[in-house]
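This is model.tsv. It holds TSV, C-alpha atoms and all ligand atoms.
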chain	number	residue	atom	x	y	z
A	908	MET	CA	165.25	51.41	133.38
A	909	ALA	CA	164.52	54.44	135.53
A	910	THR	CA	161.53	56.55	134.60
A	911	HIS	CA	161.41	60.08	135.97
A	912	ARG	CA	158.12	61.93	136.20
A	913	ILE	CA	158.64	65.57	135.28
A	914	ALA	CA	156.11	68.39	135.54
A	915	VAL	CA	156.87	71.01	132.91
A	916	LEU	CA	155.88	74.60	133.69
A	917	GLY	CA	156.89	76.75	130.76
A	918	GLY	CA	155.20	79.80	132.26
A	919	ASP	CA	155.22	83.23	130.69
A	920	GLY	CA	157.22	85.25	128.19
A	921	ILE	CA	160.38	83.48	127.08
A	922	GLY	CA	159.78	80.68	129.62
A	923	PRO	CA	158.04	78.27	127.21
A	924	GLU	CA	160.62	79.01	124.49
A	925	VAL	CA	163.67	78.18	126.59
A	926	VAL	CA	162.01	75.16	128.21
A	927	ALA	CA	161.20	73.76	124.76
A	928	GLU	CA	164.92	73.79	123.96
A	929	GLY	CA	165.72	72.09	127.26
A	930	LEU	CA	163.21	69.38	126.40
A	931	LYS	CA	164.86	68.89	123.00
A	932	VAL	CA	168.08	68.17	124.84
A	933	LEU	CA	166.25	65.83	127.21
A	934	ASP	CA	164.73	63.97	124.24
A	935	ALA	CA	168.19	63.47	122.77
A	936	LEU	CA	169.52	62.12	126.07
A	937	GLU	CA	166.78	59.60	126.66
A	938	GLY	CA	167.86	57.42	123.78
A	939	LEU	CA	171.46	57.55	124.93
A	940	GLU	CA	171.51	57.16	128.67
A	941	GLY	CA	169.07	54.40	129.52
A	942	PHE	CA	166.39	56.36	131.32
A	943	SER	CA	163.05	57.71	130.29
A	944	THR	CA	160.76	60.46	131.45
A	945	GLU	CA	157.03	60.91	131.71
A	946	ARG	CA	156.17	64.56	131.32
A	947	ALA	CA	153.07	66.56	132.00
A	948	ASP	CA	152.61	70.18	130.97
A	949	TYR	CA	151.05	72.62	133.39
A	950	ASP	CA	149.78	75.96	132.18
A	951	LEU	CA	150.54	78.34	135.06
A	952	GLY	CA	151.69	81.94	135.36
A	953	GLY	CA	150.58	85.50	134.72
A	954	ARG	CA	148.93	84.85	131.37
A	955	ARG	CA	146.81	82.09	132.78
A	956	TYR	CA	145.94	84.18	135.83
A	957	ARG	CA	144.72	86.99	133.55
A	958	ALA	CA	142.61	84.50	131.61
A	959	THR	CA	141.10	82.54	134.51
A	960	GLY	CA	141.65	84.51	137.72
A	961	GLU	CA	143.45	81.54	139.23
A	962	VAL	CA	147.12	81.49	140.24
A	963	LEU	CA	147.55	77.97	141.65
A	964	SER	CA	144.74	75.76	142.88
A	965	ASP	CA	145.17	73.37	145.80
A	966	ASP	CA	144.39	70.55	143.44
A	967	THR	CA	147.18	71.50	141.03
A	968	LEU	CA	149.59	71.91	143.94
A	969	GLU	CA	148.80	68.40	145.11
A	970	GLN	CA	149.20	67.01	141.61
A	971	LEU	CA	152.62	68.64	141.34
A	972	ARG	CA	153.64	67.04	144.64
A	973	GLY	CA	153.43	63.66	142.93
A	974	PHE	CA	156.22	64.36	140.42
A	975	ASP	CA	159.91	63.59	140.79
A	976	ALA	CA	160.90	67.06	139.61
A	977	ILE	CA	159.53	70.28	138.20
A	978	TYR	CA	161.13	71.96	135.20
A	979	LEU	CA	160.18	75.63	135.17
A	980	GLY	CA	160.78	78.33	132.55
A	981	ALA	CA	159.80	81.71	133.98
A	982	VAL	CA	156.63	83.21	135.37
A	983	GLY	CA	155.31	86.76	135.47
A	984	THR	CA	153.71	89.23	133.09
A	985	PRO	CA	153.85	93.04	133.31
A	986	ASP	CA	150.06	93.34	133.46
A	987	VAL	CA	149.78	91.51	136.80
A	988	PRO	CA	150.56	93.50	139.97
A	989	PRO	CA	153.92	92.71	141.65
A	990	GLY	CA	153.75	89.83	144.08
A	991	VAL	CA	150.66	88.05	142.78
A	992	ILE	CA	152.53	85.48	140.72
A	993	GLU	CA	155.78	85.67	142.72
A	994	ARG	CA	154.12	84.92	146.03
A	995	GLY	CA	151.13	82.98	144.73
A	996	LEU	CA	153.03	80.63	142.47
A	997	LEU	CA	156.84	80.65	142.55
A	998	LEU	CA	157.38	81.17	146.27
A	999	LYS	CA	154.32	79.08	147.05
A	1000	LEU	CA	155.92	76.10	145.29
A	1001	ARG	CA	159.28	76.68	147.00
A	1002	PHE	CA	157.59	76.80	150.40
A	1003	ALA	CA	154.95	74.09	149.92
A	1004	PHE	CA	157.57	71.61	148.77
A	1005	ASP	CA	160.06	72.82	151.39
A	1006	GLN	CA	162.73	73.42	148.77
A	1007	TYR	CA	165.04	74.86	151.36
A	1008	VAL	CA	168.16	75.08	149.21
A	1009	ASN	CA	168.51	77.29	146.17
A	1010	LEU	CA	171.69	76.13	144.48
A	1011	ARG	CA	173.15	78.62	142.02
A	1012	PRO	CA	176.48	77.96	140.32
A	1013	VAL	CA	178.70	80.87	139.30
A	1014	LYS	CA	181.07	79.50	136.71
A	1015	LEU	CA	182.83	81.29	133.88
A	1016	TYR	CA	183.07	78.92	130.92
A	1017	PRO	CA	185.98	79.08	128.48
A	1018	GLY	CA	185.05	81.25	125.53
A	1019	VAL	CA	182.60	83.38	127.50
A	1020	GLU	CA	183.58	86.96	128.06
A	1021	SER	CA	182.97	88.24	131.57
A	1022	PRO	CA	182.32	91.97	131.98
A	1023	ILE	CA	185.27	91.84	134.38
A	1024	ALA	CA	188.29	92.53	132.20
A	1025	GLY	CA	190.79	89.69	132.13
A	1026	LEU	CA	188.74	87.27	134.26
A	1027	THR	CA	189.67	83.67	133.45
A	1028	PRO	CA	187.64	80.48	134.05
A	1029	GLU	CA	190.24	79.30	136.61
A	1030	ARG	CA	189.41	82.29	138.77
A	1031	CYS	CA	185.64	81.99	138.65
A	1032	ASP	CA	184.05	78.71	139.67
A	1033	PHE	CA	181.93	78.63	142.80
A	1034	VAL	CA	178.40	77.86	143.96
A	1035	VAL	CA	176.01	79.90	146.05
A	1036	VAL	CA	173.79	78.00	148.47
A	1037	ARG	CA	170.89	80.34	149.10
A	1038	GLU	CA	168.50	79.57	151.95
A	1039	ASN	CA	165.13	79.38	150.20
A	1040	THR	CA	162.28	79.27	152.73
A	1041	GLU	CA	162.91	81.91	155.41
A	1042	SER	CA	164.18	85.48	155.90
A	1043	VAL	CA	161.93	88.25	154.59
A	1044	TYR	CA	160.58	85.82	152.01
A	1045	ALA	CA	158.56	84.10	154.75
A	1046	GLY	CA	156.14	87.00	154.46
A	1047	ALA	CA	155.98	88.07	158.12
A	1048	GLY	CA	154.97	91.65	158.73
A	1049	GLY	CA	152.13	93.85	157.76
A	1050	THR	CA	150.74	97.27	157.06
A	1051	LEU	CA	148.85	99.58	159.36
A	1052	TYR	CA	146.93	102.73	158.44
A	1053	ARG	CA	147.54	102.09	154.77
A	1054	GLY	CA	147.22	105.12	152.57
A	1055	THR	CA	147.31	107.59	155.46
A	1056	ALA	CA	150.13	109.82	156.66
A	1057	ALA	CA	150.55	107.45	159.61
A	1058	GLU	CA	151.14	104.40	157.44
A	1059	VAL	CA	153.45	101.77	158.92
A	1060	ALA	CA	154.92	98.82	157.01
A	1061	THR	CA	156.99	96.06	158.58
A	1062	GLN	CA	158.71	93.21	156.79
A	1063	GLU	CA	160.33	90.84	159.22
A	1064	SER	CA	163.16	88.43	158.65
A	1065	ILE	CA	162.42	84.97	160.00
A	1066	ASN	CA	165.42	82.80	160.89
A	1067	THR	CA	164.96	79.49	162.67
A	1068	ARG	CA	167.72	77.31	164.05
A	1069	HIS	CA	166.16	74.39	162.16
A	1070	GLY	CA	166.04	76.28	158.86
A	1071	VAL	CA	169.50	77.75	159.19
A	1072	GLU	CA	171.17	74.56	160.33
A	1073	ARG	CA	169.77	72.39	157.55
A	1074	VAL	CA	170.93	74.73	154.80
A	1075	LEU	CA	174.33	75.08	156.46
A	1076	ARG	CA	174.69	71.30	156.51
A	1077	PHE	CA	173.88	71.14	152.82
A	1078	ALA	CA	176.50	73.82	152.12
A	1079	PHE	CA	179.17	72.07	154.20
A	1080	GLU	CA	178.45	68.87	152.29
A	1081	GLN	CA	178.85	70.71	148.99
A	1082	ALA	CA	182.21	72.01	150.20
A	1083	THR	CA	183.39	68.48	151.01
A	1084	VAL	CA	182.84	67.42	147.39
A	1085	ARG	CA	184.33	70.63	145.98
A	1086	ASP	CA	187.45	72.46	147.22
A	1087	GLY	CA	186.68	72.22	150.93
A	1088	ARG	CA	186.04	75.91	151.53
A	1089	LEU	CA	182.79	77.43	152.80
A	1090	THR	CA	182.11	81.14	153.15
A	1091	LEU	CA	179.23	82.44	155.21
A	1092	CYS	CA	177.87	85.65	153.72
A	1093	HIS	CA	175.75	87.79	156.06
A	1094	LYS	CA	175.67	91.14	157.80
A	1095	ILE	CA	176.29	90.04	161.36
A	1096	ASN	CA	177.58	93.45	162.42
A	1097	VAL	CA	174.18	95.05	161.82
A	1098	LEU	CA	171.63	92.21	161.76
A	1099	THR	CA	172.78	91.19	165.20
A	1100	ASN	CA	169.86	88.87	165.99
A	1101	ALA	CA	169.70	86.87	162.79
A	1102	GLY	CA	173.44	87.19	162.27
A	1103	ASP	CA	174.21	85.79	165.71
A	1104	LEU	CA	172.04	82.72	165.03
A	1105	TRP	CA	173.69	82.13	161.64
A	1106	TRP	CA	177.21	82.73	163.00
A	1107	ARG	CA	176.86	80.34	165.93
A	1108	ALA	CA	175.20	77.63	163.86
A	1109	PHE	CA	177.88	78.01	161.15
A	1110	ASN	CA	180.70	77.54	163.62
A	1111	GLU	CA	179.04	74.80	165.63
A	1112	VAL	CA	178.07	72.67	162.64
A	1113	GLY	CA	181.49	73.26	161.10
A	1114	GLU	CA	183.48	72.42	164.21
A	1115	ASP	CA	181.41	69.41	165.20
A	1116	ASP	CA	180.67	67.75	161.88
A	1117	PHE	CA	182.84	69.25	159.14
A	1118	PRO	CA	186.21	69.99	160.77
A	1119	ASP	CA	188.03	69.57	157.46
A	1120	VAL	CA	186.07	72.31	155.72
A	1121	GLU	CA	187.83	75.67	155.88
A	1122	ARG	CA	185.46	78.34	157.15
A	1123	ASP	CA	185.45	81.97	156.07
A	1124	TYR	CA	183.07	84.84	156.64
A	1125	VAL	CA	182.27	87.93	154.55
A	1126	HIS	CA	179.76	90.69	155.07
A	1127	VAL	CA	177.32	90.83	152.17
A	1128	ASP	CA	178.50	94.24	151.01
A	1129	ALA	CA	182.10	93.05	150.93
A	1130	ALA	CA	180.96	89.90	149.12
A	1131	CYS	CA	179.71	92.13	146.28
A	1132	LEU	CA	183.16	93.71	146.09
A	1133	TYR	CA	184.97	90.36	146.17
A	1134	PHE	CA	182.66	88.75	143.58
A	1135	VAL	CA	184.03	91.35	141.20
A	1136	THR	CA	187.62	91.77	142.38
A	1137	GLN	CA	188.52	88.29	143.72
A	1138	PRO	CA	185.98	85.65	142.66
A	1139	GLU	CA	188.68	83.01	143.21
A	1140	ARG	CA	188.22	83.61	146.91
A	1141	PHE	CA	185.01	81.54	146.81
A	1142	ASP	CA	184.30	77.83	146.57
A	1143	VAL	CA	180.91	77.48	148.30
A	1144	VAL	CA	179.05	80.53	149.60
A	1145	VAL	CA	176.13	80.05	151.97
A	1146	THR	CA	173.73	82.86	152.73
A	1147	GLU	CA	170.24	83.82	153.79
A	1148	ASN	CA	167.41	84.16	151.30
A	1149	LEU	CA	167.39	87.87	150.41
A	1150	PHE	CA	171.16	88.26	150.31
A	1151	GLY	CA	171.26	85.14	148.16
A	1152	ASP	CA	168.73	86.59	145.76
A	1153	ILE	CA	170.79	89.74	145.34
A	1154	ILE	CA	174.30	88.33	145.14
A	1155	THR	CA	173.32	85.65	142.64
A	1156	ASP	CA	172.26	88.30	140.12
A	1157	LEU	CA	175.76	89.72	140.54
A	1158	GLY	CA	177.12	86.20	140.17
A	1159	ALA	CA	175.13	85.83	136.95
A	1160	ALA	CA	176.65	89.05	135.63
A	1161	ILE	CA	180.26	88.03	136.27
A	1162	GLN	CA	179.80	84.64	134.64
A	1163	GLY	CA	178.52	86.21	131.43
A	1164	GLY	CA	174.93	87.21	132.07
A	1165	MET	CA	171.49	85.97	132.96
A	1166	GLY	CA	171.42	83.75	129.89
A	1167	LEU	CA	173.96	81.53	131.64
A	1168	ALA	CA	172.61	81.43	135.20
A	1169	ALA	CA	170.98	78.18	136.34
A	1170	SER	CA	169.31	77.25	139.58
A	1171	GLY	CA	167.87	74.34	141.48
A	1172	ASN	CA	165.31	74.73	144.26
A	1173	LEU	CA	166.06	71.61	146.21
A	1174	ASP	CA	164.40	69.56	148.88
A	1175	PRO	CA	167.43	67.44	149.75
A	1176	THR	CA	165.22	65.14	151.85
A	1177	ARG	CA	163.34	64.25	148.64
A	1178	ARG	CA	159.99	64.27	150.39
A	1179	ALA	CA	158.67	66.59	147.69
A	1180	PRO	CA	159.80	67.40	144.16
A	1181	SER	CA	162.67	69.78	143.59
A	1182	MET	CA	162.30	72.50	140.97
A	1183	PHE	CA	164.81	73.59	138.36
A	1184	GLU	CA	164.67	76.97	136.65
A	1185	PRO	CA	166.89	79.49	134.93
A	1186	VAL	CA	167.50	82.52	137.17
A	1187	HIS	CA	166.28	84.92	134.48
A	1188	GLY	CA	162.71	86.08	134.36
A	1189	SER	CA	160.09	85.99	131.63
A	1190	ALA	CA	161.68	88.89	129.65
A	1191	PRO	CA	158.40	89.99	128.03
A	1192	ASP	CA	160.27	92.49	125.84
A	1193	ILE	CA	161.89	89.71	123.80
A	1194	ALA	CA	159.22	87.01	124.15
A	1195	GLY	CA	158.09	85.22	121.01
A	1196	GLN	CA	161.03	86.40	118.94
A	1197	ASN	CA	163.12	83.23	119.09
A	1198	THR	CA	166.03	85.30	120.40
A	1199	ALA	CA	166.22	84.30	124.09
A	1200	ASP	CA	169.29	82.38	125.16
A	1201	PRO	CA	168.17	78.91	126.29
A	1202	THR	CA	171.56	78.03	127.81
A	1203	ALA	CA	170.53	78.72	131.41
A	1204	ALA	CA	167.45	76.53	130.96
A	1205	VAL	CA	169.66	73.75	129.59
A	1206	MET	CA	172.10	74.21	132.47
A	1207	SER	CA	169.15	73.90	134.87
A	1208	LEU	CA	168.19	70.69	133.09
A	1209	ALA	CA	171.67	69.35	133.87
A	1210	GLN	CA	171.14	70.18	137.53
A	1211	MET	CA	167.82	68.35	137.42
A	1212	LEU	CA	169.36	65.27	135.86
A	1213	ALA	CA	172.17	65.23	138.43
A	1214	PHE	CA	169.63	65.51	141.24
A	1215	LEU	CA	167.58	62.66	139.76
A	1216	GLY	CA	170.67	60.45	139.84
A	1217	GLU	CA	171.38	60.60	136.09
A	1218	ALA	CA	175.04	61.55	136.47
A	1219	GLY	CA	175.96	60.34	132.98
A	1220	ALA	CA	173.28	62.44	131.34
A	1221	ALA	CA	174.18	65.48	133.46
A	1222	ALA	CA	177.83	65.12	132.45
A	1223	ARG	CA	176.84	64.98	128.78
A	1224	VAL	CA	174.90	68.21	129.13
A	1225	ASP	CA	177.78	69.92	130.98
A	1226	ARG	CA	180.18	68.87	128.27
A	1227	ALA	CA	177.82	70.00	125.51
A	1228	ILE	CA	177.41	73.39	127.17
A	1229	GLY	CA	181.18	73.76	127.40
A	1230	VAL	CA	181.59	73.05	123.68
A	1231	TRP	CA	178.64	75.22	122.73
A	1232	LEU	CA	179.86	78.22	124.70
A	1233	SER	CA	183.35	78.02	123.30
A	1234	GLU	CA	182.23	77.53	119.70
A	1235	ARG	CA	179.64	80.27	119.65
A	1236	GLY	CA	182.31	82.75	120.68
A	1237	ASP	CA	181.21	86.33	120.46
A	1238	ARG	CA	178.00	85.40	118.62
A	1239	GLN	CA	176.31	85.00	121.97
A	1240	GLY	CA	172.61	85.01	122.60
A	1241	ARG	CA	170.51	87.19	120.44
A	1242	LEU	CA	173.42	88.52	118.44
A	1243	GLY	CA	174.08	85.36	116.52
A	1244	TYR	CA	172.00	82.30	117.22
A	1245	SER	CA	168.28	81.93	117.54
A	1246	THR	CA	166.79	80.16	120.55
A	1247	SER	CA	165.86	77.11	118.51
A	1248	GLU	CA	169.22	76.92	116.72
A	1249	ALA	CA	170.93	76.94	120.10
A	1250	GLY	CA	168.71	74.10	121.31
A	1251	ASP	CA	169.26	72.11	118.12
A	1252	ARG	CA	173.02	72.44	118.48
A	1253	LEU	CA	172.98	71.49	122.17
A	1254	ALA	CA	170.79	68.47	121.44
A	1255	GLN	CA	173.31	67.43	118.79
A	1256	LEU	CA	176.29	67.97	121.08
A	1257	VAL	CA	174.96	65.82	123.93
A	1258	ALA	CA	175.05	62.86	121.56
A	1259	ASP	CA	178.77	63.32	120.71
B	1	LIG	C1	164.76	84.61	141.84
B	1	LIG	C2	163.69	85.64	141.62
B	1	LIG	C3	162.58	85.43	142.64
B	1	LIG	C4	163.19	85.60	144.03
B	1	LIG	C5	161.37	86.35	142.46
B	1	LIG	C6	160.80	86.27	141.06
B	1	LIG	C7	160.30	86.08	143.50
B	1	LIG	O1	164.23	86.93	141.69
B	1	LIG	O2	164.47	83.41	141.72
B	1	LIG	O3	165.90	84.99	142.12
B	1	LIG	O4	163.24	86.73	144.54
B	1	LIG	O5	163.59	84.60	144.60
B	2	MN	MN	166.37	86.98	141.94

Could you render the structure from this file as structure tokens?
Amino acid sequence: MATHRIAVLGGDGIGPEVVAEGLKVLDALEGLEGFSTERADYDLGGRRYRATGEVLSDDTLEQLRGFDAIYLGAVGTPDVPPGVIERGLLLKLRFAFDQYVNLRPVKLYPGVESPIAGLTPERCDFVVVRENTESVYAGAGGTLYRGTAAEVATQESINTRHGVERVLRFAFEQATVRDGRLTLCHKINVLTNAGDLWWRAFNEVGEDDFPDVERDYVHVDAACLYFVTQPERFDVVVTENLFGDIITDLGAAIQGGMGLAASGNLDPTRRAPSMFEPVHGSAPDIAGQNTADPTAAVMSLAQMLAFLGEAGAAARVDRAIGVWLSERGDRQGRLGYSTSEAGDRLAQLVAD
């Protein structure tokens, strides 16, 4: 029997609440699908930083490296300056473990109302493959003459052939197991240096190694338009880090909101653990009220199980989510069900 070692990072705000519901679902699955997990809780995030002054020690980072996967809720508190937890914890984990793919599905489930009038599930089912270790997120740049009238700030976008090519290959592979269509999303008409690298690599990798995948290109601004007007245009979308961050919030909106947006930060080489987290943040305004929607956290759990090779368990969770979203109807999220009721129902449904 396979045993998976999972580090659980509930984090801040609603993070621990939604992760608890995901773990309920995981508990229910373990008896059913012939695998087990060993879990260790790590207290990390803004609250802990305020209490101890520490964001992430080298020792903790090395401990985390030893797990098969990381299950993360959300990190960040309003009383910590912007960037401290984002760069010191979340991005640090993505970079240290070389999780170079951020895989974010955009799928409208039956029974969920999209803010786009008349949008049907048949027209909205794609995945975004976001590059996760480069671009402006790499942190290149700096500030000169800070606080003076002559202040200069630069924030550079790093794009390496190695980094671009490996994420493109992952995206092409995704397309081969989906509908065979891959769209590059960039801004090659303005970002002519980075865009040129991405464009050439996209065409070279496609022509040489994935000739059966249909290639398309959209500028990122047009992608925002098409996400809303023609989501059926997309099967797999591949893009650089910052564009991917932005367009996946739009993707979350069209599929019914942040409560339904899942993500996996993947190291496809499996040298280090991959990390699974809902796209939403810590939502301090509704923390502790048992009103957060845990669905995205449970969807992220399904991604984790699939990545760990537990296809049967992942399929059970997908099916349970489908039933849950159609039965809860317009009583979505905080309007009708509490966080724990949602988790209880999902844990029940995976056993059906
Ligand atoms: C996300 C988040 C992060 C990002 C922040 C919290 C650093 O917005 O996962 O999309 O920008 O990647
Ligand atoms: Mn984001």

List every residue of chain A that has an atom at most 9 Å from any atom of ligand MN 2 (chain B), giving for each one its closest atom pair and the distance in Å to one decimal, counting only C-alpha atoms and all ligand atoms, sorted by chain and then by ascending residue number, as a tab-separated table.
residue	atom	partner	partner_atom	distance
A:Leu1149	CA	B:MN2	MN	8.6
A:Gly1151	CA	B:MN2	MN	8.1
A:Asp1152	CA	B:MN2	MN	4.5
A:Ile1153	CA	B:MN2	MN	6.2
A:Ile1154	CA	B:MN2	MN	8.7
A:Thr1155	CA	B:MN2	MN	7.1
A:Asp1156	CA	B:MN2	MN	6.3
A:Val1186	CA	B:MN2	MN	6.6
A:His1187	CA	B:MN2	MN	7.7
A:Gly1188	CA	B:MN2	MN	8.5

Give me a file of those residues, with C-alpha atoms, as a PDB file, in the coordinates of the input.
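The resulting out_7.pdb:
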ATOM      1  CA  LEU A1149     167.390  87.870 150.410  1.00  0.00           C
ATOM      2  CA  GLY A1151     171.260  85.140 148.160  1.00  0.00           C
ATOM      3  CA  ASP A1152     168.730  86.590 145.760  1.00  0.00           C
ATOM      4  CA  ILE A1153     170.790  89.740 145.340  1.00  0.00           C
ATOM      5  CA  ILE A1154     174.300  88.330 145.140  1.00  0.00           C
ATOM      6  CA  THR A1155     173.320  85.650 142.640  1.00  0.00           C
ATOM      7  CA  ASP A1156     172.260  88.300 140.120  1.00  0.00           C
ATOM      8  CA  VAL A1186     167.500  82.520 137.170  1.00  0.00           C
ATOM      9  CA  HIS A1187     166.280  84.920 134.480  1.00  0.00           C
ATOM     10  CA  GLY A1188     162.710  86.080 134.360  1.00  0.00           C
TER      11      GLY A1188
END

Pick from A:Leu998, A:Ala1199, A:Ala1130, A:Ala1249 nearest to Ile1228 of chain A, counting all atoms listed in the file: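 Closest candidate: A:Ala1249.
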
Would you mind listing what lies within 8 Å of segment 1101-1117 of chain A as a PDB file with C-alpha atoms, keeping the file's coordinate frame, with all atoms listed in the file counted and same-chain residues fewer than 6 positions away left out?
ATOM      1  CA  SER A1064     163.160  88.430 158.650  1.00  0.00           C
ATOM      2  CA  ASN A1066     165.420  82.800 160.890  1.00  0.00           C
ATOM      3  CA  ARG A1068     167.720  77.310 164.050  1.00  0.00           C
ATOM      4  CA  VAL A1071     169.500  77.750 159.190  1.00  0.00           C
ATOM      5  CA  GLU A1072     171.170  74.560 160.330  1.00  0.00           C
ATOM      6  CA  LEU A1075     174.330  75.080 156.460  1.00  0.00           C
ATOM      7  CA  ARG A1076     174.690  71.300 156.510  1.00  0.00           C
ATOM      8  CA  PHE A1079     179.170  72.070 154.200  1.00  0.00           C
ATOM      9  CA  LEU A1091     179.230  82.440 155.210  1.00  0.00           C
ATOM     10  CA  HIS A1093     175.750  87.790 156.060  1.00  0.00           C
ATOM     11  CA  LYS A1094     175.670  91.140 157.800  1.00  0.00           C
ATOM     12  CA  ILE A1095     176.290  90.040 161.360  1.00  0.00           C
TER      13      ILE A1095
END

Could you build a table of the residues in chain A lying no more than 10 Å from ligand LIG 1 (chain B), giving for each the nearest pair of atoms and their separation in Å rounded to one decimal place, using all atoms listed in the file, ordered by chain and ascending residue number, as a Markdown table?
| residue | atom | partner | partner_atom | distance |
| --- | --- | --- | --- | --- |
| A:Ala981 | CA | B:LIG1 | C6 | 8.5 |
| A:Val982 | CA | B:LIG1 | C6 | 7.7 |
| A:Gly983 | CA | B:LIG1 | C6 | 7.9 |
| A:Pro989 | CA | B:LIG1 | C7 | 9.4 |
| A:Gly990 | CA | B:LIG1 | C7 | 7.6 |
| A:Val991 | CA | B:LIG1 | C7 | 9.9 |
| A:Ile992 | CA | B:LIG1 | C7 | 8.3 |
| A:Glu993 | CA | B:LIG1 | C7 | 4.6 |
| A:Arg994 | CA | B:LIG1 | C7 | 6.8 |
| A:Gly995 | CA | B:LIG1 | C7 | 9.8 |
| A:Leu996 | CA | B:LIG1 | C7 | 9.1 |
| A:Leu997 | CA | B:LIG1 | C7 | 6.5 |
| A:Leu998 | CA | B:LIG1 | C7 | 6.3 |
| A:Lys999 | CA | B:LIG1 | C7 | 9.9 |
| A:Arg1001 | CA | B:LIG1 | O5 | 9.3 |
| A:Asn1009 | CA | B:LIG1 | O2 | 8.6 |
| A:Arg1011 | CA | B:LIG1 | O3 | 9.7 |
| A:Arg1037 | CA | B:LIG1 | O5 | 9.6 |
| A:Asn1039 | CA | B:LIG1 | O5 | 7.8 |
| A:Thr1040 | CA | B:LIG1 | O5 | 9.8 |
| A:Tyr1044 | CA | B:LIG1 | O4 | 8.0 |
| A:Asn1148 | CA | B:LIG1 | O5 | 7.7 |
| A:Leu1149 | CA | B:LIG1 | O4 | 7.3 |
| A:Phe1150 | CA | B:LIG1 | O4 | 9.9 |
| A:Gly1151 | CA | B:LIG1 | O3 | 8.1 |
| A:Asp1152 | CA | B:LIG1 | O3 | 4.9 |
| A:Ile1153 | CA | B:LIG1 | O3 | 7.5 |
| A:Ile1154 | CA | B:LIG1 | O3 | 9.5 |
| A:Thr1155 | CA | B:LIG1 | O3 | 7.5 |
| A:Asp1156 | CA | B:LIG1 | O3 | 7.4 |
| A:Ala1169 | CA | B:LIG1 | O2 | 9.9 |
| A:Ser1170 | CA | B:LIG1 | O2 | 8.1 |
| A:Gly1171 | CA | B:LIG1 | O2 | 9.7 |
| A:Asn1172 | CA | B:LIG1 | O2 | 9.1 |
| A:Glu1184 | CA | B:LIG1 | O2 | 8.2 |
| A:Pro1185 | CA | B:LIG1 | O2 | 8.2 |
| A:Val1186 | CA | B:LIG1 | O2 | 5.5 |
| A:His1187 | CA | B:LIG1 | C1 | 7.5 |
| A:Gly1188 | CA | B:LIG1 | C6 | 7.0 |
| A:Ser1189 | CA | B:LIG1 | C6 | 9.5 |

Could you write those residues out with C-alpha atoms, as an mmCIF file, in the coordinates of the input?
data_model
loop_
_atom_site.group_PDB
_atom_site.id
_atom_site.type_symbol
_atom_site.label_atom_id
_atom_site.label_comp_id
_atom_site.auth_asym_id
_atom_site.auth_seq_id
_atom_site.Cartn_x
_atom_site.Cartn_y
_atom_site.Cartn_z
ATOM 1 C CA ALA A 981 159.800 81.710 133.980
ATOM 2 C CA VAL A 982 156.630 83.210 135.370
ATOM 3 C CA GLY A 983 155.310 86.760 135.470
ATOM 4 C CA PRO A 989 153.920 92.710 141.650
ATOM 5 C CA GLY A 990 153.750 89.830 144.080
ATOM 6 C CA VAL A 991 150.660 88.050 142.780
ATOM 7 C CA ILE A 992 152.530 85.480 140.720
ATOM 8 C CA GLU A 993 155.780 85.670 142.720
ATOM 9 C CA ARG A 994 154.120 84.920 146.030
ATOM 10 C CA GLY A 995 151.130 82.980 144.730
ATOM 11 C CA LEU A 996 153.030 80.630 142.470
ATOM 12 C CA LEU A 997 156.840 80.650 142.550
ATOM 13 C CA LEU A 998 157.380 81.170 146.270
ATOM 14 C CA LYS A 999 154.320 79.080 147.050
ATOM 15 C CA ARG A 1001 159.280 76.680 147.000
ATOM 16 C CA ASN A 1009 168.510 77.290 146.170
ATOM 17 C CA ARG A 1011 173.150 78.620 142.020
ATOM 18 C CA ARG A 1037 170.890 80.340 149.100
ATOM 19 C CA ASN A 1039 165.130 79.380 150.200
ATOM 20 C CA THR A 1040 162.280 79.270 152.730
ATOM 21 C CA TYR A 1044 160.580 85.820 152.010
ATOM 22 C CA ASN A 1148 167.410 84.160 151.300
ATOM 23 C CA LEU A 1149 167.390 87.870 150.410
ATOM 24 C CA PHE A 1150 171.160 88.260 150.310
ATOM 25 C CA GLY A 1151 171.260 85.140 148.160
ATOM 26 C CA ASP A 1152 168.730 86.590 145.760
ATOM 27 C CA ILE A 1153 170.790 89.740 145.340
ATOM 28 C CA ILE A 1154 174.300 88.330 145.140
ATOM 29 C CA THR A 1155 173.320 85.650 142.640
ATOM 30 C CA ASP A 1156 172.260 88.300 140.120
ATOM 31 C CA ALA A 1169 170.980 78.180 136.340
ATOM 32 C CA SER A 1170 169.310 77.250 139.580
ATOM 33 C CA GLY A 1171 167.870 74.340 141.480
ATOM 34 C CA ASN A 1172 165.310 74.730 144.260
ATOM 35 C CA GLU A 1184 164.670 76.970 136.650
ATOM 36 C CA PRO A 1185 166.890 79.490 134.930
ATOM 37 C CA VAL A 1186 167.500 82.520 137.170
ATOM 38 C CA HIS A 1187 166.280 84.920 134.480
ATOM 39 C CA GLY A 1188 162.710 86.080 134.360
ATOM 40 C CA SER A 1189 160.090 85.990 131.630
#

Separation of atom CA of Ser1233 of chain A from atom CA of Ala1024 of chain A in Å: 17.7 Å

Nearest candidate to Glu1139 of chain A (options A:Glu924, A:Asp1032, A:Glu1041, A:Asp1119; using all atoms listed in the file): A:Asp1032

Pick from A:Val925, A:Gly917, A:Val1008, A:Thr1083, whichever lies nearest to Gly1166 of chain A using all atoms listed in the file: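 Ranked by minimum distance to Gly1166 of chain A, first place goes to A:Val925.
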
Nearest-residue call for Cys1131 of chain A, choices A:Pro1017, A:Gly1158, A:Gly1195, A:Gly1163, using only C-alpha atoms: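 Closest residue, counting only C-alpha atoms: A:Gly1158.
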